[in-house]
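Worksheet for the structure shown next.
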2 protein chains.
Amino acid sequence: MISDPAPPGAVPPPEGSPGTLGWQGIRDVMMDRIRARHYAPGALIPNEADLAAEFGCARATVNRALRELAEAGFLDRRRKAGTRVIAEPRRKATLEIPLIRAAIEDLGAAYSFRLLTREIAPPPPEVRAALRLEDDVPLLHVVTLHLADAVPHMVEDRWVVLATVPAIEAADLTRDNPNEWLVRNAPYSEGTMRCGAALAGAMASHLGCTAREAVLVVERATWLDGAPITLARQHYAPAYGLTLAL
Amino acid sequence: MISDPAPPGAVPPPEGSPGTLGWQGIRDVMMDRIRARHYAPGALIPNEADLAAEFGCARATVNRALRELAEAGFLDRRRKAGTRVIAEPRRKATLEIPLIRAAIEDLGAAYSFRLLTREIAPPPPEVRAALRLEDDVPLLHVVTLHLADAVPHMVEDRWVVLATVPAIEAADLTRDNPNEWLVRNAPYSEGTMRCGAALAGAMASHLGCTAREAVLVVERATWLDGAPITLARQHYAPAYGLTLAL
DNA sequence: AGGCGTTTTATGTCTGCACATAATCAGCCT
DNA sequence: AGGCTGATTATGTGCAGACATAAAACGCCT
């Protein structure tokens, strides 16, 4: 049965006006109802046709509104089974993957970088494993120091699969840093990302801190249709943190 | 002008078949074209009506496909100006905010928790600042240790604004841990989330590690329509990292 | 009871069509 | 030239109707 008569509090303002609120308005009203528990957690809500009648609009408009709420993780929609309020919504935080130059400039600092290492070498086993590499081919290995107002901000240790992105071998990475070159020239279709913490250790000298300080480590690997592209491990300066949007 | 004749490589399979590929198919074809630079980075793509004619479908179907690509950060759409390929796509990683119990059980471990502290106290200045609290009212302060297979996994230090969520004062937080209680009973409309690194320090005793190890720290604050709800600082056990999806 | 098709139902998607809205562009006036 | 105004144009949104599809519910048969 449907929890129509609003058990506890009630914030349902669909009003008697015709249908001038659009799909965003309908989404907002439905969101309010979910929050106010007009629709109980876990309960079914009315079907699209009924809601369309209530809001005085077409079913497609209700569909658009409910689809968004489902994508946002508040509703569970299944054919024939109807639409259900998720009792324990698993919300998502999103992280805009920073183009390093842009991230630093957004901080109001002047960006610069230094290429510390550039070599073609066989990767260590963990790198091969992380990229799911089968052959033991040499990769391009670059270490880049990124600075904000000439102060070390992040060290990026990156391996690039030349077989997948041969053009990078000829690129002048002292002009465009590897991060930017890849963003512009190597689209990817899949990837993994993990962030953790570690002691600065060997990175301390680059970051201008002591080896015993804690730094944020971000590791990202990318593929294009199954072909490995690159693995990057980034060590940020102490006290720096990533901000995600909810 | 539009980069229609495909400059470098070309992967445009719209074929002569009528219109049996649906909006997802159209999205995929367009994605392939962007990756193959059939549409040059920064260039305009054909308008919806033309694409609809090419794919043999209605404009609404093309619209749906392009809207998704725009949301994913590959296209920039503006009324009258048309749709443009973003040259340096700023991609987003998403983190499913874990219900701690579920996160640990997904690891294949048995979940348990211990409430270490429960008090009502005035918050320190940084907590007030993070929640944008104006009055100097006392908050509920709980510290919870979450364990995976009886091994310490994370310590959560949380402040809850009683004025916004009075019901939590009566809740039995030794049954439902604060995390779960809030997810079920305190919906939020806005929030911030930040993750960084720190030395274990005073948390070491709870986490079963030394004070000089690096641990991941996640700080989350939430509001409901501007009213502050809670601030949580979570210290994870050493070596644990968050995995984001690209 | 138990198992197996068939019906029913709610959502998913598509089609044409229409109008709204924003932003560009051209042309006009001063 | 400079600036305002209005036409043009591409996207944003809406509607009504239709068919597709998944899955639950029902009923039938054994």
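In the structure tokens, each chain is lettered A, B, ... as it comes, each chain's residues begin at 1, and ligands are numbered from 1 in order of appearance.
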Original post:
Counting only C-alpha atoms, which residues of chain B come no farther than 8 Å from chain A, as a PyMOL selection string?
Top reply: chain B and resi 35+87-99+183-184+187+190-199+212-216+238-246
Contacts of chain C with chain B up to 12 Å, shortest pair per row, only C-alpha atoms (C1' of nucleotides), as a tab-separated table:
```
residue	atom	partner	partner_atom	distance
C:DG12	C1'	B:Gly22	CA	11.3
C:DT13	C1'	B:Gly22	CA	7.9
C:DC14	C1'	B:Thr61	CA	7.4
C:DT15	C1'	B:Ala58	CA	6.2
C:DG16	C1'	B:Ala58	CA	7.7
C:DC17	C1'	B:Ala58	CA	10.7
C:DA20	C1'	B:Arg79	CA	11.7
C:DT21	C1'	B:Arg79	CA	8.2
C:DA22	C1'	B:Arg79	CA	5.7
C:DA23	C1'	B:Lys80	CA	5.7
C:DT24	C1'	B:Lys80	CA	6.9
C:DC25	C1'	B:Lys80	CA	10.9
```
Restricted to N, CA, C and O atoms (P, O5', C5', C4', C3', O3' and C1' of nucleotides), what would the selected residues look like written as a PDB file, in the first residue's frame?
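Ended up saving to result.pdb:
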```pdb
ATOM      1  P    DG C  12      12.283   3.691 -15.456  1.00  0.00           P
ATOM      2  O5'  DG C  12      12.264   3.209 -16.969  1.00  0.00           O
ATOM      3  C5'  DG C  12      12.986   2.036 -17.333  1.00  0.00           C
ATOM      4  C4'  DG C  12      13.229   2.017 -18.834  1.00  0.00           C
ATOM      5  C3'  DG C  12      13.827   3.305 -19.390  1.00  0.00           C
ATOM      6  O3'  DG C  12      14.866   2.964 -20.310  1.00  0.00           O
ATOM      7  C1'  DG C  12      11.795   2.812 -20.493  1.00  0.00           C
ATOM      8  P    DT C  13      15.774   4.107 -20.910  1.00  0.00           P
ATOM      9  O5'  DT C  13      15.044   4.377 -22.287  1.00  0.00           O
ATOM     10  C5'  DT C  13      14.920   3.314 -23.212  1.00  0.00           C
ATOM     11  C4'  DT C  13      14.025   3.703 -24.333  1.00  0.00           C
ATOM     12  C3'  DT C  13      14.413   5.003 -25.037  1.00  0.00           C
ATOM     13  O3'  DT C  13      14.933   4.644 -26.302  1.00  0.00           O
ATOM     14  C1'  DT C  13      12.054   4.765 -24.768  1.00  0.00           C
ATOM     15  P    DC C  14      15.518   5.757 -27.245  1.00  0.00           P
ATOM     16  O5'  DC C  14      14.297   6.096 -28.198  1.00  0.00           O
ATOM     17  C5'  DC C  14      13.721   5.060 -28.975  1.00  0.00           C
ATOM     18  C4'  DC C  14      12.488   5.593 -29.670  1.00  0.00           C
ATOM     19  C3'  DC C  14      12.726   6.924 -30.374  1.00  0.00           C
ATOM     20  O3'  DC C  14      12.653   6.737 -31.782  1.00  0.00           O
ATOM     21  C1'  DC C  14      10.676   6.891 -29.129  1.00  0.00           C
ATOM     22  P    DT C  15      12.894   7.959 -32.762  1.00  0.00           P
ATOM     23  O5'  DT C  15      11.441   8.529 -33.025  1.00  0.00           O
ATOM     24  C5'  DT C  15      10.394   7.635 -33.324  1.00  0.00           C
ATOM     25  C4'  DT C  15       9.111   8.402 -33.523  1.00  0.00           C
ATOM     26  C3'  DT C  15       9.262   9.714 -34.275  1.00  0.00           C
ATOM     27  O3'  DT C  15       8.318   9.756 -35.328  1.00  0.00           O
ATOM     28  C1'  DT C  15       8.105  10.058 -32.232  1.00  0.00           C
ATOM     29  P    DG C  16       8.714  10.331 -36.708  1.00  0.00           P
ATOM     30  O5'  DG C  16       7.612  11.459 -36.844  1.00  0.00           O
ATOM     31  C5'  DG C  16       7.685  12.437 -35.854  1.00  0.00           C
ATOM     32  C4'  DG C  16       6.380  13.135 -35.751  1.00  0.00           C
ATOM     33  C3'  DG C  16       6.494  14.560 -36.292  1.00  0.00           C
ATOM     34  O3'  DG C  16       5.252  14.982 -36.824  1.00  0.00           O
ATOM     35  C1'  DG C  16       6.287  14.548 -33.908  1.00  0.00           C
ATOM     36  P    DC C  17       5.274  16.296 -37.689  1.00  0.00           P
ATOM     37  O5'  DC C  17       4.880  17.399 -36.622  1.00  0.00           O
ATOM     38  C5'  DC C  17       3.689  17.251 -35.871  1.00  0.00           C
ATOM     39  C4'  DC C  17       3.772  18.062 -34.606  1.00  0.00           C
ATOM     40  C3'  DC C  17       4.178  19.522 -34.792  1.00  0.00           C
ATOM     41  O3'  DC C  17       3.007  20.334 -34.806  1.00  0.00           O
ATOM     42  C1'  DC C  17       5.031  18.535 -32.771  1.00  0.00           C
ATOM     43  P    DA C  20       5.418  30.289 -25.869  1.00  0.00           P
ATOM     44  O5'  DA C  20       6.756  29.903 -25.086  1.00  0.00           O
ATOM     45  C5'  DA C  20       6.715  28.892 -24.074  1.00  0.00           C
ATOM     46  C4'  DA C  20       8.034  28.860 -23.332  1.00  0.00           C
ATOM     47  C3'  DA C  20       8.657  30.233 -23.067  1.00  0.00           C
ATOM     48  O3'  DA C  20       9.320  30.175 -21.818  1.00  0.00           O
ATOM     49  C1'  DA C  20      10.088  28.981 -24.483  1.00  0.00           C
ATOM     50  P    DT C  21      10.020  31.476 -21.216  1.00  0.00           P
ATOM     51  O5'  DT C  21      11.524  31.313 -21.706  1.00  0.00           O
ATOM     52  C5'  DT C  21      12.234  30.138 -21.362  1.00  0.00           C
ATOM     53  C4'  DT C  21      13.667  30.272 -21.828  1.00  0.00           C
ATOM     54  C3'  DT C  21      14.259  31.674 -21.686  1.00  0.00           C
ATOM     55  O3'  DT C  21      15.581  31.520 -21.230  1.00  0.00           O
ATOM     56  C1'  DT C  21      14.517  30.925 -23.879  1.00  0.00           C
ATOM     57  P    DA C  22      16.313  32.680 -20.426  1.00  0.00           P
ATOM     58  O5'  DA C  22      17.735  32.680 -21.138  1.00  0.00           O
ATOM     59  C5'  DA C  22      18.377  31.435 -21.365  1.00  0.00           C
ATOM     60  C4'  DA C  22      19.276  31.543 -22.577  1.00  0.00           C
ATOM     61  C3'  DA C  22      20.136  32.804 -22.611  1.00  0.00           C
ATOM     62  O3'  DA C  22      21.434  32.407 -22.959  1.00  0.00           O
ATOM     63  C1'  DA C  22      18.946  32.590 -24.631  1.00  0.00           C
ATOM     64  P    DA C  23      22.698  33.198 -22.437  1.00  0.00           P
ATOM     65  O5'  DA C  23      23.490  33.402 -23.797  1.00  0.00           O
ATOM     66  C5'  DA C  23      23.513  32.326 -24.718  1.00  0.00           C
ATOM     67  C4'  DA C  23      23.583  32.852 -26.123  1.00  0.00           C
ATOM     68  C3'  DA C  23      24.403  34.141 -26.260  1.00  0.00           C
ATOM     69  O3'  DA C  23      25.256  33.979 -27.362  1.00  0.00           O
ATOM     70  C1'  DA C  23      22.357  34.367 -27.351  1.00  0.00           C
ATOM     71  P    DT C  24      26.639  34.758 -27.404  1.00  0.00           P
ATOM     72  O5'  DT C  24      26.924  34.752 -28.977  1.00  0.00           O
ATOM     73  C5'  DT C  24      26.472  33.631 -29.751  1.00  0.00           C
ATOM     74  C4'  DT C  24      25.782  34.105 -31.017  1.00  0.00           C
ATOM     75  C3'  DT C  24      26.534  35.218 -31.767  1.00  0.00           C
ATOM     76  O3'  DT C  24      26.741  34.762 -33.085  1.00  0.00           O
ATOM     77  C1'  DT C  24      24.235  35.725 -31.603  1.00  0.00           C
ATOM     78  P    DC C  25      27.909  35.434 -33.970  1.00  0.00           P
ATOM     79  O5'  DC C  25      27.004  36.148 -35.063  1.00  0.00           O
ATOM     80  C5'  DC C  25      25.773  35.532 -35.434  1.00  0.00           C
ATOM     81  C4'  DC C  25      24.956  36.503 -36.237  1.00  0.00           C
ATOM     82  C3'  DC C  25      25.774  37.624 -36.893  1.00  0.00           C
ATOM     83  O3'  DC C  25      25.351  37.783 -38.236  1.00  0.00           O
ATOM     84  C1'  DC C  25      24.049  38.538 -35.565  1.00  0.00           C
TER      85       DC C  25
END
```
#### Entry: Surrounding residues of A:Ala148 excluding itself and chain neighbours under 5 positions, 8 Å, only C-alpha atoms (C1' of nucleotides), as a VMD selection string
chain A and resid 104 to 105 109 to 112 153
Can you list, as JSON, numbers by chain, every residue of stretch 63-208 of chain B that DSSP puts in helix (DSSP H, G or I)? {"B": [63, 64, 65, 66, 67, 68, 69, 70, 71, 100, 101, 102, 103, 104, 105, 106, 125, 126, 127, 128, 129, 130, 131, 166, 167, 168, 169, 178, 179, 180, 181, 182, 183, 184, 185, 201, 202, 203, 204, 205, 206, 207]}
Separating atom CA of A:Pro125 from atom CA of A:Leu231, to the nearest tenth of an Å, is a gap of 12.7 Å
Contact residues around C:DC4 with only C-alpha atoms (C1' of nucleotides) at 12 Å, ignoring same-chain residues under 2 positions, as a ChimeraX atom specification:
/C:2,6 /D:26-30
Selection from above, N, CA and C atoms (P, O5', C5', C4', C3', O3' and C1' of nucleotides), as a JSON list (two decimals), in the first residue's frame, can you write it?
```
[["chain", "number", "residue", "atom", "x", "y", "z"],
["C", 2, "DG", "P", 5.09, -26.96, -1.74],
["C", 2, "DG", "O5'", 5.31, -27.16, -3.31],
["C", 2, "DG", "C5'", 5.29, -28.47, -3.86],
["C", 2, "DG", "C4'", 5.34, -28.40, -5.37],
["C", 2, "DG", "C3'", 6.19, -27.22, -5.90],
["C", 2, "DG", "O3'", 7.13, -27.73, -6.83],
["C", 2, "DG", "C1'", 4.08, -27.25, -6.94],
["C", 6, "DT", "P", 1.50, -19.36, -23.18],
["C", 6, "DT", "O5'", 0.60, -18.30, -22.39],
["C", 6, "DT", "C5'", -0.45, -18.79, -21.54],
["C", 6, "DT", "C4'", -1.14, -17.61, -20.90],
["C", 6, "DT", "C3'", -1.16, -16.33, -21.74],
["C", 6, "DT", "O3'", -2.43, -15.73, -21.63],
["C", 6, "DT", "C1'", -0.15, -15.89, -19.64],
["D", 26, "DC", "P", -2.51, -11.41, -7.51],
["D", 26, "DC", "O5'", -3.21, -12.31, -8.61],
["D", 26, "DC", "C5'", -3.50, -11.74, -9.89],
["D", 26, "DC", "C4'", -3.70, -12.84, -10.90],
["D", 26, "DC", "C3'", -4.50, -14.03, -10.36],
["D", 26, "DC", "O3'", -5.73, -14.10, -11.07],
["D", 26, "DC", "C1'", -2.58, -14.72, -11.60],
["D", 27, "DG", "P", -6.83, -15.15, -10.57],
["D", 27, "DG", "O5'", -6.64, -16.32, -11.64],
["D", 27, "DG", "C5'", -6.35, -15.97, -12.99],
["D", 27, "DG", "C4'", -6.00, -17.22, -13.77],
["D", 27, "DG", "C3'", -6.80, -18.46, -13.36],
["D", 27, "DG", "O3'", -7.12, -19.19, -14.53],
["D", 27, "DG", "C1'", -4.51, -18.90, -13.11],
["D", 28, "DC", "P", -8.28, -20.27, -14.45],
["D", 28, "DC", "O5'", -7.63, -21.47, -15.28],
["D", 28, "DC", "C5'", -6.70, -21.16, -16.34],
["D", 28, "DC", "C4'", -5.67, -22.27, -16.42],
["D", 28, "DC", "C3'", -6.23, -23.65, -16.15],
["D", 28, "DC", "O3'", -6.08, -24.46, -17.30],
["D", 28, "DC", "C1'", -4.20, -23.30, -14.95],
["D", 29, "DC", "P", -6.85, -25.82, -17.39],
["D", 29, "DC", "O5'", -5.66, -26.86, -17.25],
["D", 29, "DC", "C5'", -4.43, -26.61, -17.92],
["D", 29, "DC", "C4'", -3.34, -27.43, -17.28],
["D", 29, "DC", "C3'", -3.76, -28.87, -16.95],
["D", 29, "DC", "O3'", -2.93, -29.78, -17.66],
["D", 29, "DC", "C1'", -2.65, -27.84, -15.09],
["D", 30, "DT", "P", -3.34, -31.33, -17.59],
["D", 30, "DT", "O5'", -2.32, -31.92, -16.53],
["D", 30, "DT", "C5'", -0.93, -31.63, -16.67],
["D", 30, "DT", "C4'", -0.19, -31.96, -15.37],
["D", 30, "DT", "C3'", -0.45, -33.38, -14.87],
["D", 30, "DT", "O3'", 0.77, -34.09, -14.83],
["D", 30, "DT", "C1'", -0.60, -31.78, -13.10]]
```
Counting only C-alpha atoms (C1' of nucleotides), the residue among A:Ala43, A:Ala52, A:Leu107, A:Ala227 that lies closest to chain D is A:Ala52
request  = Output the contact residues of chain D with respect to chain B at a cut-off of 7 Å, based on only C-alpha atoms (C1' of nucleotides), as a list of chain:residue names.
outcome  = D:DT9, D:DA10, D:DT11
Check: Can you list, as number ranges by chain, every residue of stretch 38-216 of chain B that DSSP puts in strand (DSSP E or B)?
Finding: B: 44, 75-78, 82-85, 92-96, 111-121, 139-148, 151-160, 190-199, 214-216
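Summary of the local environment: counting only C-alpha atoms (C1' of nucleotides), residues at most 8 Å from A:Met203, other than itself and those fewer than 6 positions away along its chain, are Val155, Ala211 and His235 of chain A.
Between atom CA of A:Glu134 and atom CA of A:Gln234 there is a distance of 24.2 Å.
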- Query: Which polymer residues have any atom within 12 Å of an atom of B:Ile168, counting only C-alpha atoms (C1' of nucleotides), with same-chain residues fewer than 3 positions away left out, as a PyMOL selection string?
  - Reply: chain B and resi 118+120+139-142+159-165+171-173+176-186+229-230
Selection: 10 Å around D:DA25, only C-alpha atoms (C1' of nucleotides), excl. self and same-chain fewer than 2 positions, as a PDB file with C-alpha atoms (C1' of nucleotides), in the first residue's frame:
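That gives us around-v3.pdb:
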```pdb
ATOM      1  C1'  DT C   7      -1.808 -11.594 -18.369  1.00  0.00           C
ATOM      2  C1'  DT C   8      -1.192  -7.287 -16.290  1.00  0.00           C
ATOM      3  C1'  DT C   9       1.225  -3.367 -14.981  1.00  0.00           C
TER       4       DT C   9
ATOM      5  C1'  DA D  23       8.801  -8.423 -13.711  1.00  0.00           C
ATOM      6  C1'  DG D  27      -4.506 -18.902 -13.110  1.00  0.00           C
TER       7       DG D  27
END
```
As a check of understanding: the span from atom CA of A:Val127 to atom CA of A:Asp225 is 19.0 Å
